[in-house]
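Trainee: My structure is below; once you've seen it, I'll send some questions.
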Amino acid sequence: MRLTKTMRWTALAACTALAISACSTSGGKSATDQASGGSGKKGGSISVELGEPQHGLVPQNTAESEGSEVLNALFSGLVEYDNDTSVPKLRVAESIESPDATTWTIKLKDGYTFHNGEKVTAKSFVDAWNYGANQDNAQEALPFFDKILGSDELAPGKGKTPATKELKGLKVVDDKTFTVTLKAPFSQFKTMLGYNAFFPLPTAFFTDPKAFDDAPIGNGPFQIDGKWEHNKQIKVKRYENFPAAEGKAKLDTVTFKIYEKLETAYNDLRADTIQITDKLPVSAMATVASEFGDRYIYKPESGVGYIGFPIATNPAFANADVRKAISMAIDRESITKTIFSGTRKPADDFISPIIPGYRKGALGDVAKYDPAKAKALFTQAGGLPGNTMEIGYNADGGHKEWIEAVGNQLKANLGVEVTYKPFEKFGAILTALGDKQYSGAFRMAWSMDYPSAENYLRPIFSKIAIDNGSNYGGYVNEEFESLLAKADSAKTDEESLKLYQQADDVLIKDVPYIPIYTYMSSAAYTKTVKNVKVNAQGQMDLANVELA
């Protein structure tokens with residue numbers, strides 16, 4: 001899903017020899033917790049850092065990290081992902097089974113209710129998916145329903161009207177059971193069901209979708225407390241009727257405090273005004289490990305950071321050799337060491353290193369820093385008009401330093417004059433790109449929706465993701481589309497993965513985006529809380545947080 005504001009992280013300091021023993025890789029118990037047996041204070045309230053979400057808080061229309069962070073507290077899906085391994089495990093679903101990876105039967109557990117008391121049923125999921133798949137509703141998650149039989153009738157394309165209001169591949173059997181029929185076998189289907197696009201919706205949503213934006217009614221461990229106060233805060237409180245066996249929230253309330261600048265949030269963390277942040281400013285990198293000790297979480301995350309190109313709207317970037325030359329002129333090692341103190345790693349594939357299917361060094365020459373070859377290829381390809389280039393980025397995510405470092409390298413190595421376009425908020429650059437109102441190169445990033453190589457390919461670079469997804473560059477390649485389709489229908493996971501890798505190879509040849517670095521978790525918390533964990537999607541596991 002998720003194009004992220006700062007991939008839920010900004011950067012983190014490398015563990016020094018002095019602080020290495022204090023660096024947590026999983027947000028586990030501190031020595032104090034272990035000595036006390038891990039029992040924390042009951043109830044209580046905390047505040048955590050958040051950026052302003054782009055849209056309202058509707059699961060089927062949330063494709064960025066800030067809104068997803070809140071939805072993770074308010075909703076529970078059919079499956080969830082283990083905080084440490086990302087392995088999918090059943091949550092609301094009692095079972096998800098298929099004999100052929102095409103027809104799936106999903107049975108629900110008892111006990112789940114929405115925050116207004118309505119029972120979560122099979123219809124709650126079917127209605128939500130039908131809504132998300134209907135192009136008239138313009139939900140950002142629409143591409144995720146494309147594999148279900150009947151999606152073409154609900155999303156026939158621009159200028160066409162849906163022929164129906166329901167996916168023919170969805171059938172309610174009874175309150176606890178529904179079936180899903182796909183267009184073709186898709187072995188990753190169960191894995192993807194933890195993504196928020198597949199969350200259920202209550203009947204109240206369909207009565208007044210607009211009101212739901214600011215005060216969603218979920219089925220998760222927390223419920224909304226009041227309404228979203230835009231650019232200020234979102235408050236949630238423990239949902240007392242959440243099934244005990246599934247893990248009720250420990251805290252009474254959590255306030256998502258909305259910040260425009262990470263420096264301000266970090267200063268508030270140091271003052272214990274907020275208790276957790278899972279994004280840190282560049283200025284904190286040198287000292288955060290020594291200052292927070294085992295309350296500093298440092299571990300690999302799923303994100304990949306890019307420089308993207310608006311191929312469809314700006315002919316200057318149409319030549320793949322120009323894009324490749326720009327990539328070869330960027331010193332990833334220098335940026336990750338100098339700007340991020342070694343706490344981000346140079347990217348060498350479009351797929352994250354923590355995902356099956358990643359291949360070390362897959363980018364080959366595309367990611368090899370070679371100024372001489374870059375300049376020769378750039379010149380041979382005709383360069384850029386006026387020898388100028390603009391790079392847009394969101395100013396609320398701590399990106400100014402590394403974007404300017406890239407610009408300086410392009411000037412030194414290619415002779416290109418680079419200017420910068422800071423957008424005040426992440427939502428603003430997404431909107432400008434989505435509306436085709438910005439045609440410069442742009443900073444972008446991706447964090448997994450679900451742990452699959454496919455999730456690093458289709459949602460960002462497929463045709464369907466241009467109008468209904470995150471293909472902000474407008475990239476199209478029919479060979480890439482064909483390989484995705486073959487991979488989806490492969491009979492074994494091994495065969496499927498090889499085909500996804502071949503699709504990855506097409507991206508490496510075309511370079512629609514330039515992968516620059518992969519992310520490490522960057523989170524810290526105060527002495528007043530414990531049991532803090534951040535998953536590979538960069539989301540806090542707030543239900544298990546306790547006061548220390």
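Naming works like this for the structure tokens: A, B, ... for the chains as they're shown, residue 1 at the start of each chain, ligands 1 onward in shown order.
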Please list as a ChimeraX atom specification every residue within 9 Å of Glu52 in chain A, counting only C-alpha atoms and excluding residues in the same chain fewer than 2 positions away.
Mentor: /A:50,54-55,66-67,230-233,258-260,425-427
Trainee: Compile the contact shell of Arg458 in chain A as a ChimeraX atom specification: residues with an atom at most 10 Å away, counting only C-alpha atoms, same-chain residues fewer than 2 positions apart removed.
Mentor: /A:143-144,453-456,460-465,469-471,480-481,484-485,500,503
Trainee: Hey, could you make a per-residue contact list for range 196-275 of chain A against range 525-529 of chain A with 7 Å as the cut-off, showing the nearest pair of atoms and its distance in Å to one decimal, counting only C-alpha atoms, sorted by chain and number, as a Markdown table?
Mentor:
| residue | atom | partner | partner_atom | distance |
| --- | --- | --- | --- | --- |
| A:Leu269 | CA | A:Thr526 | CA | 6.9 |
| A:Asp272 | CA | A:Thr526 | CA | 6.3 |
| A:Gln275 | CA | A:Thr526 | CA | 5.2 |
Trainee: For those residues, write N, CA, C and O atoms to a file as an mmCIF file, in the first residue's frame.
Mentor:
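Once everything was written out, this is out29.cif:
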data_model
loop_
_atom_site.group_PDB
_atom_site.id
_atom_site.type_symbol
_atom_site.label_atom_id
_atom_site.label_comp_id
_atom_site.auth_asym_id
_atom_site.auth_seq_id
_atom_site.Cartn_x
_atom_site.Cartn_y
_atom_site.Cartn_z
ATOM 1 N N LEU A 269 9.460 14.232 22.783
ATOM 2 C CA LEU A 269 9.783 12.911 23.318
ATOM 3 C C LEU A 269 10.812 13.036 24.434
ATOM 4 O O LEU A 269 10.673 12.419 25.498
ATOM 5 N N ASP A 272 9.277 14.030 27.515
ATOM 6 C CA ASP A 272 8.199 13.129 27.935
ATOM 7 C C ASP A 272 6.814 13.734 27.729
ATOM 8 O O ASP A 272 5.844 13.349 28.381
ATOM 9 N N GLN A 275 5.227 9.955 24.364
ATOM 10 C CA GLN A 275 5.946 8.814 24.934
ATOM 11 C C GLN A 275 6.581 7.902 23.875
ATOM 12 O O GLN A 275 7.485 7.130 24.192
#
Trainee: So, counting only C-alpha atoms, which residue among A:Asp175, A:Ser489, A:Asp152, A:Glu49 is closest to Thr102 in chain A?
Mentor: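 Among A:Asp175, A:Ser489, A:Asp152, A:Glu49, it is A:Ser489 that comes nearest to Thr102 in chain A.
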Trainee: Find, counting only C-alpha atoms, the residue in A:Lys373, A:Arg91, A:Arg359, A:Arg295 that gets nearest to Asp505 in chain A.
Mentor: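 Looking at the shortest contact to Asp505 in chain A, the residue is A:Arg359.
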Trainee: Once DSSP has gone over the backbone, tell me which residues of range 46-239 of chain A are in alpha helix (DSSP H), as a PDB file with N, CA, C and O atoms, in the first residue's frame.
Mentor:
ATOM      1  N   SER A  65       1.097   6.005   5.242  1.00  0.00           N
ATOM      2  CA  SER A  65       1.480   5.479   6.545  1.00  0.00           C
ATOM      3  C   SER A  65       0.779   6.134   7.722  1.00  0.00           C
ATOM      4  O   SER A  65       0.511   5.466   8.720  1.00  0.00           O
ATOM      5  N   GLU A  66       0.479   7.421   7.627  1.00  0.00           N
ATOM      6  CA  GLU A  66      -0.060   8.114   8.796  1.00  0.00           C
ATOM      7  C   GLU A  66      -1.481   7.641   9.107  1.00  0.00           C
ATOM      8  O   GLU A  66      -1.815   7.333  10.250  1.00  0.00           O
ATOM      9  N   GLY A  67      -2.314   7.571   8.079  1.00  0.00           N
ATOM     10  CA  GLY A  67      -3.653   7.053   8.301  1.00  0.00           C
ATOM     11  C   GLY A  67      -3.635   5.590   8.682  1.00  0.00           C
ATOM     12  O   GLY A  67      -4.413   5.138   9.538  1.00  0.00           O
ATOM     13  N   SER A  68      -2.737   4.817   8.068  1.00  0.00           N
ATOM     14  CA  SER A  68      -2.646   3.388   8.369  1.00  0.00           C
ATOM     15  C   SER A  68      -2.251   3.145   9.819  1.00  0.00           C
ATOM     16  O   SER A  68      -2.680   2.163  10.439  1.00  0.00           O
ATOM     17  N   GLU A  69      -1.424   4.020  10.364  1.00  0.00           N
ATOM     18  CA  GLU A  69      -1.019   3.893  11.771  1.00  0.00           C
ATOM     19  C   GLU A  69      -2.241   3.934  12.683  1.00  0.00           C
ATOM     20  O   GLU A  69      -2.381   3.137  13.618  1.00  0.00           O
ATOM     21  N   VAL A  70      -3.146   4.852  12.404  1.00  0.00           N
ATOM     22  CA  VAL A  70      -4.359   4.990  13.218  1.00  0.00           C
ATOM     23  C   VAL A  70      -5.293   3.802  12.987  1.00  0.00           C
ATOM     24  O   VAL A  70      -5.843   3.233  13.935  1.00  0.00           O
ATOM     25  N   LEU A  71      -5.469   3.411  11.723  1.00  0.00           N
ATOM     26  CA  LEU A  71      -6.352   2.286  11.411  1.00  0.00           C
ATOM     27  C   LEU A  71      -5.872   1.003  12.070  1.00  0.00           C
ATOM     28  O   LEU A  71      -6.671   0.141  12.442  1.00  0.00           O
ATOM     29  N   ASN A  72      -4.570   0.852  12.246  1.00  0.00           N
ATOM     30  CA  ASN A  72      -4.010  -0.333  12.879  1.00  0.00           C
ATOM     31  C   ASN A  72      -4.474  -0.459  14.327  1.00  0.00           C
ATOM     32  O   ASN A  72      -4.554  -1.566  14.866  1.00  0.00           O
ATOM     33  N   ALA A  73      -4.784   0.664  14.952  1.00  0.00           N
ATOM     34  CA  ALA A  73      -5.298   0.645  16.319  1.00  0.00           C
ATOM     35  C   ALA A  73      -6.813   0.473  16.360  1.00  0.00           C
ATOM     36  O   ALA A  73      -7.356  -0.120  17.298  1.00  0.00           O
ATOM     37  N   LEU A  74      -7.502   0.971  15.322  1.00  0.00           N
ATOM     38  CA  LEU A  74      -8.967   1.000  15.332  1.00  0.00           C
ATOM     39  C   LEU A  74      -9.609  -0.248  14.733  1.00  0.00           C
ATOM     40  O   LEU A  74     -10.793  -0.513  14.983  1.00  0.00           O
ATOM     41  N   ALA A 122     -19.783 -11.962   8.071  1.00  0.00           N
ATOM     42  CA  ALA A 122     -19.261 -12.136   6.712  1.00  0.00           C
ATOM     43  C   ALA A 122     -19.695 -10.964   5.823  1.00  0.00           C
ATOM     44  O   ALA A 122     -18.926 -10.485   4.984  1.00  0.00           O
ATOM     45  N   LYS A 123     -20.924 -10.507   6.010  1.00  0.00           N
ATOM     46  CA  LYS A 123     -21.445  -9.390   5.216  1.00  0.00           C
ATOM     47  C   LYS A 123     -20.635  -8.110   5.459  1.00  0.00           C
ATOM     48  O   LYS A 123     -20.486  -7.276   4.557  1.00  0.00           O
ATOM     49  N   SER A 124     -20.104  -7.949   6.664  1.00  0.00           N
ATOM     50  CA  SER A 124     -19.293  -6.758   6.975  1.00  0.00           C
ATOM     51  C   SER A 124     -18.070  -6.682   6.068  1.00  0.00           C
ATOM     52  O   SER A 124     -17.654  -5.591   5.659  1.00  0.00           O
ATOM     53  N   PHE A 125     -17.489  -7.829   5.771  1.00  0.00           N
ATOM     54  CA  PHE A 125     -16.336  -7.878   4.870  1.00  0.00           C
ATOM     55  C   PHE A 125     -16.771  -7.762   3.412  1.00  0.00           C
ATOM     56  O   PHE A 125     -16.189  -6.989   2.641  1.00  0.00           O
ATOM     57  N   VAL A 126     -17.795  -8.500   3.021  1.00  0.00           N
ATOM     58  CA  VAL A 126     -18.237  -8.484   1.631  1.00  0.00           C
ATOM     59  C   VAL A 126     -18.696  -7.092   1.209  1.00  0.00           C
ATOM     60  O   VAL A 126     -18.340  -6.601   0.132  1.00  0.00           O
ATOM     61  N   ASP A 127     -19.454  -6.422   2.052  1.00  0.00           N
ATOM     62  CA  ASP A 127     -19.921  -5.069   1.728  1.00  0.00           C
ATOM     63  C   ASP A 127     -18.751  -4.099   1.602  1.00  0.00           C
ATOM     64  O   ASP A 127     -18.724  -3.242   0.709  1.00  0.00           O
ATOM     65  N   ALA A 128     -17.773  -4.224   2.498  1.00  0.00           N
ATOM     66  CA  ALA A 128     -16.606  -3.335   2.471  1.00  0.00           C
ATOM     67  C   ALA A 128     -15.800  -3.543   1.195  1.00  0.00           C
ATOM     68  O   ALA A 128     -15.351  -2.583   0.559  1.00  0.00           O
ATOM     69  N   TRP A 129     -15.614  -4.791   0.786  1.00  0.00           N
ATOM     70  CA  TRP A 129     -14.825  -5.084  -0.412  1.00  0.00           C
ATOM     71  C   TRP A 129     -15.557  -4.626  -1.671  1.00  0.00           C
ATOM     72  O   TRP A 129     -14.935  -4.108  -2.597  1.00  0.00           O
ATOM     73  N   ASN A 130     -16.870  -4.812  -1.706  1.00  0.00           N
ATOM     74  CA  ASN A 130     -17.638  -4.329  -2.856  1.00  0.00           C
ATOM     75  C   ASN A 130     -17.534  -2.816  -2.989  1.00  0.00           C
ATOM     76  O   ASN A 130     -17.418  -2.284  -4.093  1.00  0.00           O
ATOM     77  N   TYR A 131     -17.551  -2.126  -1.864  1.00  0.00           N
ATOM     78  CA  TYR A 131     -17.413  -0.673  -1.888  1.00  0.00           C
ATOM     79  C   TYR A 131     -16.033  -0.273  -2.406  1.00  0.00           C
ATOM     80  O   TYR A 131     -15.901   0.603  -3.261  1.00  0.00           O
ATOM     81  N   GLY A 132     -15.001  -0.921  -1.890  1.00  0.00           N
ATOM     82  CA  GLY A 132     -13.639  -0.585  -2.294  1.00  0.00           C
ATOM     83  C   GLY A 132     -13.353  -0.894  -3.746  1.00  0.00           C
ATOM     84  O   GLY A 132     -12.542  -0.229  -4.383  1.00  0.00           O
ATOM     85  N   ALA A 133     -14.039  -1.897  -4.306  1.00  0.00           N
ATOM     86  CA  ALA A 133     -13.787  -2.325  -5.679  1.00  0.00           C
ATOM     87  C   ALA A 133     -14.561  -1.525  -6.719  1.00  0.00           C
ATOM     88  O   ALA A 133     -14.297  -1.642  -7.915  1.00  0.00           O
ATOM     89  N   SER A 151     -14.368  -8.014 -10.906  1.00  0.00           N
ATOM     90  CA  SER A 151     -13.788  -6.680 -10.673  1.00  0.00           C
ATOM     91  C   SER A 151     -13.823  -5.816 -11.931  1.00  0.00           C
ATOM     92  O   SER A 151     -13.937  -4.590 -11.844  1.00  0.00           O
ATOM     93  N   ASP A 152     -13.736  -6.430 -13.102  1.00  0.00           N
ATOM     94  CA  ASP A 152     -13.774  -5.662 -14.347  1.00  0.00           C
ATOM     95  C   ASP A 152     -15.128  -4.978 -14.544  1.00  0.00           C
ATOM     96  O   ASP A 152     -15.198  -3.888 -15.120  1.00  0.00           O
ATOM     97  N   GLU A 153     -16.203  -5.611 -14.086  1.00  0.00           N
ATOM     98  CA  GLU A 153     -17.527  -5.003 -14.197  1.00  0.00           C
ATOM     99  C   GLU A 153     -17.695  -3.841 -13.222  1.00  0.00           C
ATOM    100  O   GLU A 153     -18.393  -2.869 -13.504  1.00  0.00           O
ATOM    101  N   LEU A 154     -17.048  -3.943 -12.054  1.00  0.00           N
ATOM    102  CA  LEU A 154     -17.139  -2.870 -11.062  1.00  0.00           C
ATOM    103  C   LEU A 154     -16.156  -1.740 -11.346  1.00  0.00           C
ATOM    104  O   LEU A 154     -16.368  -0.610 -10.912  1.00  0.00           O
ATOM    105  N   PHE A 189      -2.937 -14.708  -1.908  1.00  0.00           N
ATOM    106  CA  PHE A 189      -4.200 -14.092  -1.490  1.00  0.00           C
ATOM    107  C   PHE A 189      -4.353 -14.060   0.028  1.00  0.00           C
ATOM    108  O   PHE A 189      -4.695 -13.036   0.604  1.00  0.00           O
ATOM    109  N   LYS A 190      -4.118 -15.183   0.686  1.00  0.00           N
ATOM    110  CA  LYS A 190      -4.247 -15.213   2.143  1.00  0.00           C
ATOM    111  C   LYS A 190      -3.293 -14.224   2.797  1.00  0.00           C
ATOM    112  O   LYS A 190      -3.655 -13.521   3.746  1.00  0.00           O
ATOM    113  N   THR A 191      -2.088 -14.141   2.290  1.00  0.00           N
ATOM    114  CA  THR A 191      -1.085 -13.243   2.855  1.00  0.00           C
ATOM    115  C   THR A 191      -1.521 -11.788   2.777  1.00  0.00           C
ATOM    116  O   THR A 191      -1.320 -11.014   3.715  1.00  0.00           O
ATOM    117  N   MET A 192      -2.171 -11.405   1.673  1.00  0.00           N
ATOM    118  CA  MET A 192      -2.510  -9.999   1.488  1.00  0.00           C
ATOM    119  C   MET A 192      -3.698  -9.552   2.337  1.00  0.00           C
ATOM    120  O   MET A 192      -3.946  -8.347   2.483  1.00  0.00           O
ATOM    121  N   THR A 203     -22.483  -1.210   9.112  1.00  0.00           N
ATOM    122  CA  THR A 203     -23.609  -0.687   8.337  1.00  0.00           C
ATOM    123  C   THR A 203     -23.636   0.831   8.360  1.00  0.00           C
ATOM    124  O   THR A 203     -23.985   1.477   7.360  1.00  0.00           O
ATOM    125  N   ALA A 204     -23.240   1.428   9.485  1.00  0.00           N
ATOM    126  CA  ALA A 204     -23.276   2.881   9.633  1.00  0.00           C
ATOM    127  C   ALA A 204     -22.416   3.596   8.598  1.00  0.00           C
ATOM    128  O   ALA A 204     -22.714   4.735   8.216  1.00  0.00           O
ATOM    129  N   PHE A 205     -21.361   2.956   8.152  1.00  0.00           N
ATOM    130  CA  PHE A 205     -20.504   3.597   7.153  1.00  0.00           C
ATOM    131  C   PHE A 205     -21.288   3.934   5.896  1.00  0.00           C
ATOM    132  O   PHE A 205     -21.158   5.027   5.342  1.00  0.00           O
ATOM    133  N   PHE A 206     -22.099   3.008   5.426  1.00  0.00           N
ATOM    134  CA  PHE A 206     -22.800   3.176   4.159  1.00  0.00           C
ATOM    135  C   PHE A 206     -23.937   4.197   4.266  1.00  0.00           C
ATOM    136  O   PHE A 206     -24.380   4.734   3.262  1.00  0.00           O
ATOM    137  N   THR A 207     -24.356   4.499   5.477  1.00  0.00           N
ATOM    138  CA  THR A 207     -25.363   5.538   5.699  1.00  0.00           C
ATOM    139  C   THR A 207     -24.760   6.923   5.537  1.00  0.00           C
ATOM    140  O   THR A 207     -25.376   7.821   4.955  1.00  0.00           O
ATOM    141  N   PRO A 209     -20.846   7.899   4.676  1.00  0.00           N
ATOM    142  CA  PRO A 209     -19.394   7.697   4.525  1.00  0.00           C
ATOM    143  C   PRO A 209     -18.563   8.913   4.905  1.00  0.00           C
ATOM    144  O   PRO A 209     -17.460   8.775   5.444  1.00  0.00           O
ATOM    145  N   LYS A 210     -19.064  10.102   4.645  1.00  0.00           N
ATOM    146  CA  LYS A 210     -18.288  11.316   4.926  1.00  0.00           C
ATOM    147  C   LYS A 210     -18.069  11.497   6.430  1.00  0.00           C
ATOM    148  O   LYS A 210     -16.979  11.853   6.866  1.00  0.00           O
ATOM    149  N   ALA A 211     -19.110  11.241   7.223  1.00  0.00           N
ATOM    150  CA  ALA A 211     -18.965  11.363   8.677  1.00  0.00           C
ATOM    151  C   ALA A 211     -17.962  10.350   9.214  1.00  0.00           C
ATOM    152  O   ALA A 211     -17.280  10.598  10.212  1.00  0.00           O
ATOM    153  N   PHE A 212     -17.862   9.213   8.546  1.00  0.00           N
ATOM    154  CA  PHE A 212     -16.945   8.144   8.958  1.00  0.00           C
ATOM    155  C   PHE A 212     -15.495   8.584   8.846  1.00  0.00           C
ATOM    156  O   PHE A 212     -14.637   8.099   9.596  1.00  0.00           O
ATOM    157  N   ASP A 213     -15.196   9.488   7.924  1.00  0.00           N
ATOM    158  CA  ASP A 213     -13.823   9.949   7.715  1.00  0.00           C
ATOM    159  C   ASP A 213     -13.172  10.436   9.001  1.00  0.00           C
ATOM    160  O   ASP A 213     -12.016  10.126   9.288  1.00  0.00           O
ATOM    161  N   ASP A 214     -13.897  11.229   9.764  1.00  0.00           N
ATOM    162  CA  ASP A 214     -13.333  11.851  10.959  1.00  0.00           C
ATOM    163  C   ASP A 214     -13.624  11.078  12.243  1.00  0.00           C
ATOM    164  O   ASP A 214     -13.001  11.326  13.269  1.00  0.00           O
TER     165      ASP A 214
END
Trainee: How many Å separate CA of Ala445 in chain A from CA of Ile307 in chain A?
Mentor: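 Calculated distance between CA of Ala445 in chain A and CA of Ile307 in chain A is 8.3 Å.
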Trainee: Leaving out range 432-435 of chain A and any residue of its chain fewer than 6 positions from it, which residues lie within 9 Å of it when counting only C-alpha atoms, given as a VMD selection string?
Mentor: chain A and resid 310 442 466 to 467 470 to 473
Trainee: For the selection just defined, write its residues with N, CA, C and O atoms to a file, as a PDB file, in the first residue's frame.
Mentor:
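Below you can see again_23.pdb, which holds the result:
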ATOM      1  N   PRO A 310       8.162  11.232 -13.399  1.00  0.00           N
ATOM      2  CA  PRO A 310       6.834  11.309 -14.018  1.00  0.00           C
ATOM      3  C   PRO A 310       6.927  11.007 -15.510  1.00  0.00           C
ATOM      4  O   PRO A 310       6.771  11.894 -16.355  1.00  0.00           O
ATOM      5  N   PHE A 442      10.738  13.212  -8.134  1.00  0.00           N
ATOM      6  CA  PHE A 442      10.156  13.306  -6.803  1.00  0.00           C
ATOM      7  C   PHE A 442      10.696  12.236  -5.877  1.00  0.00           C
ATOM      8  O   PHE A 442      11.044  11.144  -6.308  1.00  0.00           O
ATOM      9  N   ILE A 466      -2.069   3.187 -11.990  1.00  0.00           N
ATOM     10  CA  ILE A 466      -1.927   4.570 -12.446  1.00  0.00           C
ATOM     11  C   ILE A 466      -3.112   5.407 -11.969  1.00  0.00           C
ATOM     12  O   ILE A 466      -2.945   6.471 -11.363  1.00  0.00           O
ATOM     13  N   ASP A 467      -4.317   4.944 -12.250  1.00  0.00           N
ATOM     14  CA  ASP A 467      -5.508   5.680 -11.845  1.00  0.00           C
ATOM     15  C   ASP A 467      -6.029   5.251 -10.489  1.00  0.00           C
ATOM     16  O   ASP A 467      -6.718   6.012  -9.817  1.00  0.00           O
ATOM     17  N   SER A 470      -0.708   3.514  -6.723  1.00  0.00           N
ATOM     18  CA  SER A 470       0.441   4.353  -6.385  1.00  0.00           C
ATOM     19  C   SER A 470       1.468   4.445  -7.494  1.00  0.00           C
ATOM     20  O   SER A 470       2.641   4.696  -7.241  1.00  0.00           O
ATOM     21  N   ASN A 471       1.042   4.236  -8.750  1.00  0.00           N
ATOM     22  CA  ASN A 471       1.947   4.392  -9.892  1.00  0.00           C
ATOM     23  C   ASN A 471       1.970   5.857 -10.309  1.00  0.00           C
ATOM     24  O   ASN A 471       1.392   6.251 -11.318  1.00  0.00           O
ATOM     25  N   TYR A 472       2.656   6.674  -9.523  1.00  0.00           N
ATOM     26  CA  TYR A 472       2.680   8.115  -9.750  1.00  0.00           C
ATOM     27  C   TYR A 472       3.535   8.501 -10.950  1.00  0.00           C
ATOM     28  O   TYR A 472       3.441   9.617 -11.442  1.00  0.00           O
ATOM     29  N   GLY A 473       4.365   7.586 -11.416  1.00  0.00           N
ATOM     30  CA  GLY A 473       5.174   7.886 -12.592  1.00  0.00           C
ATOM     31  C   GLY A 473       4.453   7.617 -13.901  1.00  0.00           C
ATOM     32  O   GLY A 473       4.881   8.074 -14.956  1.00  0.00           O
TER      33      GLY A 473
END
Trainee: Which residues are near Ile339 in chain A? Cut-off 12 Å, only C-alpha atoms, ignore same chain within fewer than 4 positions. Put them as a list in words.
Mentor: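 Once the nearby chain positions are removed, what remains is Thr10, Ala11, Leu12, Ala13, Ala14, Pro281, Val282, Ser283, Ala284, Met285, Ala286, Asp331, Arg332, Glu333, Ser334, Ile335, Thr343, Arg344, Lys345, Gly398, His399, Lys400, Glu401, Trp402, Ile403, Glu404, Ala405, Val406 and Tyr517 of chain A.
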Trainee: Measuring atom to atom with only C-alpha atoms, identify which of A:Gln409, A:Asp278, A:Gly44, A:Lys119 is nearest to Met540 in chain A.
Mentor: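 Distance minimum relative to Met540 in chain A lands on A:Asp278.
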Trainee: Write out as a ChimeraX atom specification each polymer residue whose atoms come within 12 Å of Ser302 in chain A, counting only C-alpha atoms; drop sequence neighbours fewer than 6 positions from it.
Mentor: /A:1-4,7-9,83-86,344-345,347,350-356,358,445-453,455-456,517-521,534-539
Trainee: Choose the residue, out of A:Met389, A:Ala184, A:Val236, A:Leu410, that has the smallest atom-to-atom separation from Pro371 in chain A; count only C-alpha atoms.
Mentor: A:Leu410
